[in-house]
4 protein chains.
Amino acid sequence: MTVIAQNWLAPLVDEVRPHLAGGAVSTYLPELRRAPADELAVAVDLGDGNVLTAGNLHARFTVQSVVKVFTLLLALHYRGEEHVFARVGRDQGIGSYNSLETFIRGSGVPVNPFVNAGALVVVDMLPGDRPQGRVAELLEFLRALTGNPTIAVNEAVARSELALSDRNRALGYFLRSQRLVSCDVEELLWAYCQMCAVEVDVVDLAHAGRVLADGADVHLGGRLLQAWHVRLVRRLMLFSGMYEASGRYATEVGIPAKCGVSGAMIGVVPRRAGVGIYGPALDESANSIGGLRLMRLLALTLEIE
Amino acid sequence: MTVIAQNWLAPLVDEVRPHLAGGAVSTYLPELRRAPADELAVAVDLGDGNVLTAGNLHARFTVQSVVKVFTLLLALHYRGEEHVFARVGRDQGIGSYNSLETFIRGSGVPVNPFVNAGALVVVDMLPGDRPQGRVAELLEFLRALTGNPTIAVNEAVARSELALSDRNRALGYFLRSQRLVSCDVEELLWAYCQMCAVEVDVVDLAHAGRVLADGADVHLGGRLLQAWHVRLVRRLMLFSGMYEASGRYATEVGIPAKCGVSGAMIGVVPRRAGVGIYGPALDESANSIGGLRLMRLLALTLEIE
Amino acid sequence: MTVIAQNWLAPLVDEVRPHLAGGAVSTYLPELRRAPADELAVAVDLGDGNVLTAGNLHARFTVQSVVKVFTLLLALHYRGEEHVFARVGRDQGIGSYNSLETFIRGSGVPVNPFVNAGALVVVDMLPGDRPQGRVAELLEFLRALTGNPTIAVNEAVARSELALSDRNRALGYFLRSQRLVSCDVEELLWAYCQMCAVEVDVVDLAHAGRVLADGADVHLGGRLLQAWHVRLVRRLMLFSGMYEASGRYATEVGIPAKCGVSGAMIGVVPRRAGVGIYGPALDESANSIGGLRLMRLLALTLEIE
Amino acid sequence: MTVIAQNWLAPLVDEVRPHLAGGAVSTYLPELRRAPADELAVAVDLGDGNVLTAGNLHARFTVQSVVKVFTLLLALHYRGEEHVFARVGRDQGIGSYNSLETFIRGSGVPVNPFVNAGALVVVDMLPGDRPQGRVAELLEFLRALTGNPTIAVNEAVARSELALSDRNRALGYFLRSQRLVSCDVEELLWAYCQMCAVEVDVVDLAHAGRVLADGADVHLGGRLLQAWHVRLVRRLMLFSGMYEASGRYATEVGIPAKCGVSGAMIGVVPRRAGVGIYGPALDESANSIGGLRLMRLLALTLEIE
């Protein structure tokens, strides 16, 4: 295994930074629009307290679609593989993450848990009578995963998302008409918006990624995450985590990862490392330009299969 | 032109009635489920007070999708052809009336005003700050068209429809996310459900159909319906009025018509007659078996082009 | 009925001509590319030898997709309605005429006889062991329809078409894999290319259209064309004859018609007239700009329903 | 790393064998129809001459779609990554391997090199004026990969395939109409059919798989296979090798693999092993039942990430 020097990340960030100018921050929410397009930060948690970092570590940002990794883990934990994959597919999917085409033709279930329709079904599976309780559960889970007890929802971002949720609302009602969602759609959306608006930094994401890199069962708070479930999620991240660029990412990079529209990105190098990246300049597939390029350099350096 | 005897319709109804056993009433709403599957009634308004009838004339039923003809007429009247057809297509469409595939690929507008998505866009176009006022407007228009001042909404049916509207709600929010619907979606749905639940009998529909058979502008209450708009609607009915069976209907029958899931059907024989039919036994395309067969016999008798 | 003066057409052509500049001739074949974009000719056959004309009557051109009207008539004549419509749909269809999407989802049959896939199935239905004999049959039929015994194939155009037939060849082999075409695909294509390359003028098309305007059975050479079959074809032309612009044409014009990529267009006014148009300047849907505009003016003048 | 005993495979085969009864051999070709449904054989090449086997090692079978792995490697070798992936996608795709839907919407290129359309484009890329020369090239490459100089085409199977190639012929002509294939389609098909009909046994496939498991550049005959190209192919196999079951396979098994309709299957465990399987009993997705189950047991035993 490659030996990794403490000053290893800074040159990678320097190599990537010039490419950020080719992208643009998301205009989806007012709060995202205010992000600086030239921001780039990265943390790599190698375990045993060995965390490397580069770039602006003070940047805080919302996880957005990265949260879909954590909600899927919780759903697998509470419902099991069979229950989950009867209600959501595990195919790569085509088209954009919030289109009405993200359903498997014929079966009518969402193509995977990382498109919005799939994530809504997953949140509907979580335990608790009312969606609001699931936000508390997710927060508690994220605090355990990151080791950061201050992790919280950015309420202003959550409210912004709710105000712009008509497409997700359409998905929610469609799913309820298909009996794939059973709870109140407005409550589900509000819970989902809050989950997307959880605020973190790159070290938080790297810590969480390192936990998910383990090959054995993980004790986490009162939960026992099964190694098999975590592995399933890693594999799904590998080939479905980057929206319509997933196929290209899977062949060119090979580190299981998930991105969000804020520029957040989590990576999981099995057995070795967790990666957290923040790079709000996005390409036309809504993926972080800095994130993709950094992840590719990391994969080459770490000799990822 | 064929001379039409007073006792002309009864044999046609007798010829059709045995075929009703092959169908089933809609199970979409509790109220529709209670309809007698062997019911069949027809009225033909030849103008100048000359109305022929056969079958159970006391049957009252809700118009359901037949109302889409009237809402389109009102939208053309108030907004004009260009405004309307910039927001809804005029193609035959494929697939079922409430699927998520009833959008023109690329443009994203509903394929025509007779699929649910298109009807919602049309209702959103009607004048009035709030959707509820549009229900009153439609009722007033229908009373003028039918000459029946007692036409009203069956509130129980409307409430049933609203309770089962998740698919239409999904369409509504999707349309609002596309900026094709601008008003409150819940209010729009409630207005739409009430419109579908307007209660009529076959003579009402025949009267309305006779008005729409005119070739000249029509004064109706305070409105002047332009002949050109009415003709546009007739043409669209000809090839788009029967859901996925529209192409077959257009080639085999040729009378502009529109059906509803209740078994309601309106037909318009240009310059000559309006037709109202009630036949709740439906085929697998959700079209009235009695309605389609009666309309075909009428077309042969009337030597429709 | 409107009285039609002998000098009636010339002003219509004058009104339409300025719009031709907005279009372009087809670049599909070298021979089509050489057509003058400002050409416009029209003939209206009112029966009893009463033929009105305007524009350049000497222009000769190939029928291209207009031939699909005649092959469908022959197939109905020889095979009957049930046989034909078990192998090809009668829906309007979406998308362009030669795309791989012109199949009815599920059933796999071509959406209608006027898309290329449907036309190939229709030609495969015609009698004769070998496709080549069907070209002779079609020619003989067209000579009878037009009253012009000199109608013939432009062999140079036919060979050009064959050389550019890979898309149609793909359709042919796909149809054979679906068992919707049974003969040798290369022979079928060559027959189809020759049929598309039949050369006519606008008077020929107007004569043929006038025959198809009849409401009664038509004796034609040794054949008896059933009125019901001719009416079916008129109805299908009404709402499917203009590629992806068919819905708009059906609602705005209302004269059953079919266009070809050469700028050829045939129209059929039931009981009254046949129309032949040549206007090689095409719009972006590959429809003749002059043809569509002239047809609309004719519809208004003739007060077409 | 797990220590692997010589008698390790036999119990796995015993565990899997009872499940074969749930499947059926392919009826696609007469030759495949004759395969015994209860056949199951496996070889695992661990390198350094260490090859484990179980089941009927004498069974010989054609590679069918497994050959797409080798043609892709050759195309990457001769044309490079950029050239190849400009003409074929690297997405998982949906639907069956030979449908007309295996194209990326918009771009029109085949979704990946493992659907038939993609494989035809890849074979068209191989060097040589005429497709026939590419068969010789492939054979020579396979002989080097397997270390078996007797590898040859089963001509009877190749001719059977050609006789049933209308769907692939349709794809070929469609691709030529899109300028994604430039050579004579009939010659291309014949070359492709011969390539699919290369005959091997499980030890051949295991040897080839072991070569592709290497992390470094591989000298092979006169060629230097770049490690990066081989890795790209492994990654694509991981999530696209099992037709419509690819997503399920990628999450449940995780060994890069490719199956063929004959029941052939190759697996590549990076750095560690090549796997060859023959199990002609197929499930409804046309994947080898024995192959999938054996591969899953191997993945668990080898603790594949």
# chains A, B, ... in the order shown; residues from 1 in each chain; ligands from 1
call {"tool": "select_by_dssp", "arguments": {"residues": "range 146-304 of chain A", "states": "helix (DSSP H, G or I)", "output": "compact mmCIF listing (two decimals) with N, CA, C and O atoms, in the first residue's frame"}}
result
# COMPACT_ATOMS: atom_id res chain seq x y z
N THR A 146 -20.07 10.77 12.22
CA THR A 146 -19.04 11.81 12.05
C THR A 146 -18.26 12.02 13.34
O THR A 146 -17.19 12.65 13.31
N GLU A 155 -31.88 25.39 9.04
CA GLU A 155 -33.33 25.52 8.84
C GLU A 155 -33.66 26.45 7.68
O GLU A 155 -34.65 26.25 6.96
N ALA A 156 -32.85 27.46 7.47
CA ALA A 156 -33.13 28.40 6.38
C ALA A 156 -33.02 27.68 5.03
O ALA A 156 -33.87 27.85 4.15
N VAL A 157 -32.01 26.84 4.89
CA VAL A 157 -31.86 26.08 3.64
C VAL A 157 -33.03 25.10 3.49
O VAL A 157 -33.61 24.97 2.41
N ALA A 158 -33.39 24.44 4.59
CA ALA A 158 -34.50 23.48 4.52
C ALA A 158 -35.77 24.17 4.05
O ALA A 158 -36.51 23.66 3.21
N ARG A 159 -36.02 25.37 4.57
CA ARG A 159 -37.24 26.08 4.17
C ARG A 159 -37.16 26.51 2.70
O ARG A 159 -38.14 26.45 1.97
N SER A 160 -35.98 26.91 2.27
CA SER A 160 -35.79 27.26 0.84
C SER A 160 -36.10 26.06 -0.04
O SER A 160 -36.76 26.18 -1.08
N GLU A 161 -35.61 24.90 0.38
CA GLU A 161 -35.84 23.69 -0.43
C GLU A 161 -37.32 23.37 -0.50
O GLU A 161 -37.84 23.02 -1.55
N LEU A 162 -37.98 23.50 0.66
CA LEU A 162 -39.41 23.18 0.69
C LEU A 162 -40.18 24.09 -0.27
O LEU A 162 -41.11 23.67 -0.95
N ALA A 163 -39.74 25.35 -0.31
CA ALA A 163 -40.45 26.32 -1.16
C ALA A 163 -40.24 26.03 -2.65
O ALA A 163 -40.96 26.54 -3.49
N ASP A 166 -41.78 21.58 -5.84
CA ASP A 166 -42.91 21.08 -6.63
C ASP A 166 -42.57 19.81 -7.40
O ASP A 166 -43.40 18.90 -7.52
N ARG A 167 -41.39 19.71 -7.93
CA ARG A 167 -41.02 18.50 -8.66
C ARG A 167 -40.98 17.29 -7.70
O ARG A 167 -41.53 16.23 -8.00
N ASN A 168 -40.35 17.48 -6.55
CA ASN A 168 -40.33 16.39 -5.58
C ASN A 168 -41.72 16.09 -5.04
O ASN A 168 -42.04 14.93 -4.76
N ARG A 169 -42.54 17.12 -4.91
CA ARG A 169 -43.92 16.93 -4.47
C ARG A 169 -44.66 16.07 -5.50
O ARG A 169 -45.41 15.15 -5.14
N ALA A 170 -44.44 16.36 -6.78
CA ALA A 170 -45.06 15.54 -7.84
C ALA A 170 -44.61 14.09 -7.71
O ALA A 170 -45.43 13.16 -7.78
N LEU A 171 -43.31 13.90 -7.47
CA LEU A 171 -42.81 12.53 -7.29
C LEU A 171 -43.47 11.87 -6.08
O LEU A 171 -43.87 10.71 -6.13
N GLY A 172 -43.59 12.61 -5.00
CA GLY A 172 -44.18 12.06 -3.78
C GLY A 172 -45.62 11.61 -4.01
O GLY A 172 -46.01 10.50 -3.60
N TYR A 173 -46.41 12.45 -4.65
CA TYR A 173 -47.81 12.06 -4.88
C TYR A 173 -47.91 10.93 -5.89
O TYR A 173 -48.76 10.05 -5.76
N PHE A 174 -47.03 10.94 -6.89
CA PHE A 174 -47.03 9.81 -7.82
C PHE A 174 -46.70 8.51 -7.08
O PHE A 174 -47.37 7.49 -7.27
N LEU A 175 -45.69 8.57 -6.23
CA LEU A 175 -45.31 7.37 -5.46
C LEU A 175 -46.45 6.93 -4.54
O LEU A 175 -46.69 5.74 -4.37
N ARG A 176 -47.18 7.91 -3.96
CA ARG A 176 -48.28 7.50 -3.10
C ARG A 176 -49.39 6.86 -3.92
O ARG A 176 -50.03 5.90 -3.49
N SER A 177 -49.61 7.37 -5.14
CA SER A 177 -50.63 6.76 -6.01
C SER A 177 -50.22 5.34 -6.40
O SER A 177 -51.07 4.50 -6.71
N VAL A 185 -47.64 13.23 2.31
CA VAL A 185 -46.57 13.66 1.39
C VAL A 185 -45.94 14.97 1.84
O VAL A 185 -44.71 15.15 1.74
N GLU A 186 -46.73 15.89 2.35
CA GLU A 186 -46.15 17.16 2.79
C GLU A 186 -45.18 16.95 3.96
O GLU A 186 -44.11 17.53 4.00
N GLU A 187 -45.57 16.09 4.89
CA GLU A 187 -44.67 15.80 6.02
C GLU A 187 -43.41 15.09 5.54
O GLU A 187 -42.30 15.36 6.02
N LEU A 188 -43.57 14.20 4.58
CA LEU A 188 -42.42 13.50 4.03
C LEU A 188 -41.45 14.47 3.37
O LEU A 188 -40.23 14.40 3.56
N LEU A 189 -42.01 15.40 2.60
CA LEU A 189 -41.17 16.38 1.92
C LEU A 189 -40.41 17.26 2.90
O LEU A 189 -39.23 17.55 2.70
N TRP A 190 -41.09 17.68 3.93
CA TRP A 190 -40.45 18.55 4.92
C TRP A 190 -39.32 17.79 5.62
O TRP A 190 -38.22 18.32 5.81
N ALA A 191 -39.56 16.53 5.94
CA ALA A 191 -38.50 15.73 6.54
C ALA A 191 -37.32 15.60 5.56
O ALA A 191 -36.16 15.78 5.93
N TYR A 192 -37.65 15.31 4.30
CA TYR A 192 -36.60 15.14 3.29
C TYR A 192 -35.80 16.43 3.09
O TYR A 192 -34.55 16.41 2.99
N CYS A 193 -36.49 17.56 3.06
CA CYS A 193 -35.79 18.84 2.89
C CYS A 193 -34.86 19.10 4.07
O CYS A 193 -33.73 19.58 3.89
N GLN A 194 -35.32 18.78 5.28
CA GLN A 194 -34.44 18.98 6.44
C GLN A 194 -33.22 18.07 6.36
O GLN A 194 -32.10 18.48 6.67
N MET A 195 -33.44 16.84 5.92
CA MET A 195 -32.31 15.90 5.82
C MET A 195 -31.28 16.40 4.81
O MET A 195 -30.07 16.31 5.05
N CYS A 196 -31.75 16.93 3.69
CA CYS A 196 -30.83 17.45 2.67
C CYS A 196 -30.07 18.67 3.19
O CYS A 196 -29.00 19.01 2.69
N VAL A 202 -15.86 19.20 5.60
CA VAL A 202 -15.22 18.07 4.91
C VAL A 202 -14.69 17.02 5.88
O VAL A 202 -14.65 15.83 5.57
N VAL A 203 -14.28 17.46 7.06
CA VAL A 203 -13.77 16.49 8.04
C VAL A 203 -14.92 15.59 8.52
O VAL A 203 -14.75 14.38 8.68
N ASP A 204 -16.10 16.19 8.71
CA ASP A 204 -17.26 15.36 9.07
C ASP A 204 -17.49 14.26 8.02
O ASP A 204 -17.70 13.10 8.36
N LEU A 205 -17.48 14.66 6.76
CA LEU A 205 -17.74 13.68 5.71
C LEU A 205 -16.63 12.62 5.64
O LEU A 205 -16.90 11.43 5.41
N ALA A 206 -15.40 13.04 5.85
CA ALA A 206 -14.28 12.08 5.81
C ALA A 206 -14.41 11.08 6.96
O ALA A 206 -14.18 9.88 6.79
N HIS A 207 -14.79 11.59 8.16
CA HIS A 207 -15.02 10.67 9.29
C HIS A 207 -16.10 9.65 8.95
O HIS A 207 -15.94 8.45 9.15
N ALA A 208 -17.23 10.14 8.44
CA ALA A 208 -18.33 9.23 8.11
C ALA A 208 -17.89 8.22 7.06
O ALA A 208 -18.18 7.02 7.14
N GLY A 209 -17.15 8.70 6.07
CA GLY A 209 -16.67 7.82 5.01
C GLY A 209 -15.75 6.74 5.56
O GLY A 209 -15.78 5.59 5.11
N ARG A 210 -14.93 7.13 6.54
CA ARG A 210 -14.00 6.14 7.11
C ARG A 210 -14.76 5.02 7.82
O ARG A 210 -14.40 3.85 7.72
N VAL A 211 -15.84 5.38 8.50
CA VAL A 211 -16.65 4.35 9.16
C VAL A 211 -17.22 3.39 8.10
O VAL A 211 -17.22 2.17 8.28
N LEU A 212 -17.66 3.95 7.01
CA LEU A 212 -18.26 3.12 5.95
C LEU A 212 -17.21 2.33 5.17
O LEU A 212 -17.56 1.51 4.31
N ALA A 227 -21.96 -5.45 8.12
CA ALA A 227 -20.93 -5.25 7.09
C ALA A 227 -21.52 -5.45 5.69
O ALA A 227 -21.18 -4.73 4.75
N TRP A 228 -22.44 -6.39 5.58
CA TRP A 228 -23.02 -6.69 4.28
C TRP A 228 -23.84 -5.51 3.74
O TRP A 228 -23.78 -5.18 2.56
N HIS A 229 -24.57 -4.86 4.63
CA HIS A 229 -25.36 -3.69 4.22
C HIS A 229 -24.45 -2.54 3.79
O HIS A 229 -24.70 -1.87 2.79
N VAL A 230 -23.39 -2.32 4.57
CA VAL A 230 -22.48 -1.24 4.23
C VAL A 230 -21.81 -1.52 2.88
O VAL A 230 -21.64 -0.63 2.04
N ARG A 231 -21.48 -2.78 2.66
CA ARG A 231 -20.86 -3.15 1.38
C ARG A 231 -21.83 -2.94 0.21
O ARG A 231 -21.44 -2.43 -0.85
N LEU A 232 -23.07 -3.30 0.41
CA LEU A 232 -24.09 -3.06 -0.63
C LEU A 232 -24.14 -1.58 -1.00
O LEU A 232 -24.21 -1.21 -2.18
N VAL A 233 -24.12 -0.75 0.03
CA VAL A 233 -24.19 0.69 -0.22
C VAL A 233 -22.94 1.17 -0.96
O VAL A 233 -23.03 1.96 -1.90
N ARG A 234 -21.79 0.68 -0.54
CA ARG A 234 -20.55 1.06 -1.26
C ARG A 234 -20.65 0.68 -2.74
O ARG A 234 -20.25 1.44 -3.62
N ARG A 235 -21.13 -0.52 -3.00
CA ARG A 235 -21.20 -0.97 -4.40
C ARG A 235 -22.18 -0.11 -5.20
O ARG A 235 -21.91 0.22 -6.35
N LEU A 236 -23.28 0.23 -4.58
CA LEU A 236 -24.25 1.07 -5.28
C LEU A 236 -23.68 2.46 -5.53
O LEU A 236 -23.90 3.07 -6.59
N MET A 237 -22.93 2.98 -4.55
CA MET A 237 -22.29 4.29 -4.73
C MET A 237 -21.32 4.24 -5.90
O MET A 237 -21.19 5.20 -6.65
N LEU A 238 -20.64 3.10 -6.04
CA LEU A 238 -19.61 2.99 -7.06
C LEU A 238 -20.17 3.29 -8.45
O LEU A 238 -19.56 4.00 -9.24
N PHE A 239 -21.36 2.74 -8.73
CA PHE A 239 -21.83 2.88 -10.12
C PHE A 239 -23.09 3.71 -10.27
O PHE A 239 -23.61 3.83 -11.38
N SER A 240 -23.58 4.31 -9.18
CA SER A 240 -24.81 5.11 -9.28
C SER A 240 -24.74 6.44 -8.56
O SER A 240 -25.75 7.11 -8.43
N TYR A 243 -25.25 10.78 -10.60
CA TYR A 243 -26.30 11.14 -11.55
C TYR A 243 -25.99 10.51 -12.93
O TYR A 243 -25.53 9.38 -12.99
N GLU A 244 -26.20 11.31 -13.99
CA GLU A 244 -26.02 10.75 -15.34
C GLU A 244 -24.55 10.52 -15.70
O GLU A 244 -24.27 9.90 -16.72
N ALA A 245 -23.63 11.01 -14.89
CA ALA A 245 -22.21 10.77 -15.16
C ALA A 245 -21.71 9.53 -14.43
O ALA A 245 -20.51 9.27 -14.39
N SER A 246 -22.62 8.73 -13.89
CA SER A 246 -22.22 7.60 -13.04
C SER A 246 -21.39 6.56 -13.78
O SER A 246 -20.42 6.03 -13.24
N GLY A 247 -21.76 6.25 -15.02
CA GLY A 247 -21.03 5.24 -15.78
C GLY A 247 -19.61 5.70 -16.05
O GLY A 247 -18.65 4.93 -15.89
N ARG A 248 -19.48 6.93 -16.44
CA ARG A 248 -18.15 7.48 -16.69
C ARG A 248 -17.32 7.49 -15.41
O ARG A 248 -16.14 7.11 -15.41
N TYR A 249 -17.93 7.92 -14.30
CA TYR A 249 -17.22 7.95 -13.02
C TYR A 249 -16.78 6.55 -12.61
O TYR A 249 -15.64 6.33 -12.19
N ALA A 250 -17.68 5.59 -12.74
CA ALA A 250 -17.36 4.23 -12.29
C ALA A 250 -16.18 3.66 -13.06
O ALA A 250 -15.34 2.95 -12.50
N THR A 251 -16.11 3.95 -14.37
CA THR A 251 -14.99 3.39 -15.15
C THR A 251 -13.72 4.21 -14.99
O THR A 251 -12.63 3.67 -15.07
N GLU A 252 -13.84 5.51 -14.79
CA GLU A 252 -12.64 6.35 -14.76
C GLU A 252 -12.05 6.52 -13.37
O GLU A 252 -10.87 6.83 -13.24
N ILE A 289 -16.98 19.77 -9.98
CA ILE A 289 -15.79 19.66 -10.84
C ILE A 289 -14.56 19.32 -10.01
O ILE A 289 -13.80 18.40 -10.33
N GLY A 290 -14.38 20.05 -8.92
CA GLY A 290 -13.24 19.79 -8.06
C GLY A 290 -13.32 18.41 -7.44
O GLY A 290 -12.32 17.70 -7.32
N GLY A 291 -14.54 18.03 -7.06
CA GLY A 291 -14.73 16.72 -6.43
C GLY A 291 -14.35 15.58 -7.37
O GLY A 291 -13.61 14.67 -7.00
N LEU A 292 -14.85 15.64 -8.59
CA LEU A 292 -14.55 14.57 -9.55
C LEU A 292 -13.06 14.49 -9.83
O LEU A 292 -12.47 13.41 -9.88
N ARG A 293 -12.44 15.64 -10.03
CA ARG A 293 -11.01 15.64 -10.38
C ARG A 293 -10.14 15.20 -9.20
O ARG A 293 -9.19 14.44 -9.36
N LEU A 294 -10.49 15.67 -8.01
CA LEU A 294 -9.73 15.24 -6.83
C LEU A 294 -9.89 13.74 -6.62
O LEU A 294 -8.92 13.03 -6.33
N MET A 295 -11.11 13.25 -6.78
CA MET A 295 -11.36 11.83 -6.55
C MET A 295 -10.56 11.00 -7.56
O MET A 295 -10.03 9.95 -7.20
N ARG A 296 -10.47 11.50 -8.77
CA ARG A 296 -9.68 10.75 -9.77
C ARG A 296 -8.19 10.73 -9.41
O ARG A 296 -7.54 9.68 -9.51
N LEU A 297 -7.68 11.85 -8.95
CA LEU A 297 -6.27 11.88 -8.54
C LEU A 297 -6.05 10.98 -7.32
O LEU A 297 -5.04 10.27 -7.24
N LEU A 298 -6.98 10.99 -6.38
CA LEU A 298 -6.88 10.10 -5.23
C LEU A 298 -6.87 8.64 -5.67
O LEU A 298 -6.09 7.83 -5.16
N ALA A 299 -7.74 8.32 -6.62
CA ALA A 299 -7.83 6.93 -7.08
C ALA A 299 -6.52 6.48 -7.72
O ALA A 299 -6.06 5.35 -7.51
N LEU A 300 -5.91 7.37 -8.49
CA LEU A 300 -4.64 7.01 -9.13
C LEU A 300 -3.55 6.84 -8.07
O LEU A 300 -2.78 5.89 -8.11
N THR A 301 -3.51 7.76 -7.13
CA THR A 301 -2.48 7.69 -6.10
C THR A 301 -2.65 6.46 -5.22
O THR A 301 -1.68 5.78 -4.88
call {"tool": "residues_around", "arguments": {"residues": "Gly22 in chain A", "least_positions_apart": "2", "cutoff": "10 Å", "atoms": "only C-alpha atoms", "output": "ChimeraX atom specification"}}
result
/A:18-20,24,37,281-284,289
call {"tool": "select_by_dssp", "arguments": {"residues": "range 74-253 of chain B", "states": "strand (DSSP E)", "output": "ChimeraX atom specification"}}
result
/B:152-153,198-200,218-220,223-225
call {"tool": "closest_residue", "arguments": {"among": "B:Leu164, B:Ala41, B:Val111, B:Val25", "to": "chain C", "atoms": "only C-alpha atoms"}}
result
B:Val111
call {"tool": "closest_residue", "arguments": {"among": "A:Gly108, A:Gly55, A:Gly279, A:Gly133", "to": "chain B", "atoms": "only C-alpha atoms"}}
result
A:Gly108
call {"tool": "atom_distance", "arguments": {"atom1": "CA of Glu199 in chain B", "atom2": "CA of Leu126 in chain B"}}
result
20.9 Å
call {"tool": "atom_distance", "arguments": {"atom1": "CA of Val63 in chain C", "atom2": "CA of Gly118 in chain C"}}
result
17.1 Å
call {"tool": "residues_around", "arguments": {"residues": "Ser26 in chain C", "least_positions_apart": "5", "cutoff": "7 Å", "atoms": "only C-alpha atoms", "output": "list of chain:residue names"}}
result
C:Leu32, C:Arg33, C:Val261, C:Ser262, C:Leu282
call {"tool": "write_last_selection", "arguments": {"atoms": "N, CA and C atoms", "output": "JSON list (two decimals), in the first residue's frame"}}
result
[["chain", "number", "residue", "atom", "x", "y", "z"],
["C", 32, "LEU", "N", -33.51, 15.52, -55.32],
["C", 32, "LEU", "CA", -34.41, 16.44, -54.63],
["C", 32, "LEU", "C", -33.71, 17.77, -54.36],
["C", 33, "ARG", "N", -32.42, 17.69, -54.12],
["C", 33, "ARG", "CA", -31.64, 18.89, -53.80],
["C", 33, "ARG", "C", -31.66, 19.88, -54.97],
["C", 261, "VAL", "N", -41.57, 14.05, -49.18],
["C", 261, "VAL", "CA", -40.38, 14.86, -48.94],
["C", 261, "VAL", "C", -39.95, 15.62, -50.20],
["C", 262, "SER", "N", -40.51, 15.24, -51.35],
["C", 262, "SER", "CA", -40.23, 15.96, -52.59],
["C", 262, "SER", "C", -40.99, 17.28, -52.66],
["C", 282, "LEU", "N", -39.57, 23.04, -47.94],
["C", 282, "LEU", "CA", -40.10, 22.31, -46.78],
["C", 282, "LEU", "C", -39.85, 23.09, -45.48]]
call {"tool": "closest_residue", "arguments": {"among": "B:Asp129, B:Phe103, B:Val218, B:Cys259", "to": "chain A", "atoms": "only C-alpha atoms"}}
result
B:Phe103
call {"tool": "atom_distance", "arguments": {"atom1": "CA of Ala21 in chain B", "atom2": "CA of Gly260 in chain B"}}
result
18.9 Å
call {"tool": "closest_residue", "arguments": {"among": "C:Ser285, C:Gln132, C:Asn56, C:Thr102", "to": "chain D", "atoms": "only C-alpha atoms"}}
result
C:Thr102
call {"tool": "residues_around", "arguments": {"residues": "Leu52 in chain D", "least_positions_apart": "6", "cutoff": "10 Å", "atoms": "only C-alpha atoms", "output": "list in words"}}
result
Ile4, Ala5, Gln6, Asn7, Trp8, Leu9, Ala10, Val42, Ala43, Val44, Asp45, Leu46, Val203, Ala206 and Val275 of chain D
call {"tool": "closest_residue", "arguments": {"among": "A:Asp91, A:Glu82, A:Glu31, A:Glu303", "to": "chain D", "atoms": "only C-alpha atoms"}}
result
A:Asp91
call {"tool": "decode", "arguments": {"residues": "range 199-205 of chain D", "atoms": "N, CA and C atoms", "output": "short mmCIF file (atom, residue, chain, number, x, y, z; two decimals), in the first residue's frame"}}
result
data_model
loop_
_atom_site.label_atom_id
_atom_site.label_comp_id
_atom_site.auth_asym_id
_atom_site.auth_seq_id
_atom_site.Cartn_x
_atom_site.Cartn_y
_atom_site.Cartn_z
N GLU D 199 -15.01 -21.39 -29.84
CA GLU D 199 -15.27 -22.48 -28.90
C GLU D 199 -14.17 -22.58 -27.85
N VAL D 200 -14.56 -22.74 -26.60
CA VAL D 200 -13.60 -22.79 -25.49
C VAL D 200 -14.08 -23.82 -24.45
N ASP D 201 -13.24 -23.98 -23.41
CA ASP D 201 -13.71 -24.70 -22.22
C ASP D 201 -13.48 -23.80 -21.01
N VAL D 202 -13.86 -24.27 -19.81
CA VAL D 202 -13.79 -23.38 -18.65
C VAL D 202 -12.36 -23.03 -18.27
N VAL D 203 -11.42 -23.94 -18.55
CA VAL D 203 -10.02 -23.63 -18.23
C VAL D 203 -9.51 -22.52 -19.14
N ASP D 204 -9.91 -22.55 -20.40
CA ASP D 204 -9.54 -21.44 -21.30
C ASP D 204 -10.00 -20.10 -20.72
N LEU D 205 -11.27 -20.06 -20.30
CA LEU D 205 -11.81 -18.79 -19.78
C LEU D 205 -11.11 -18.38 -18.49
#
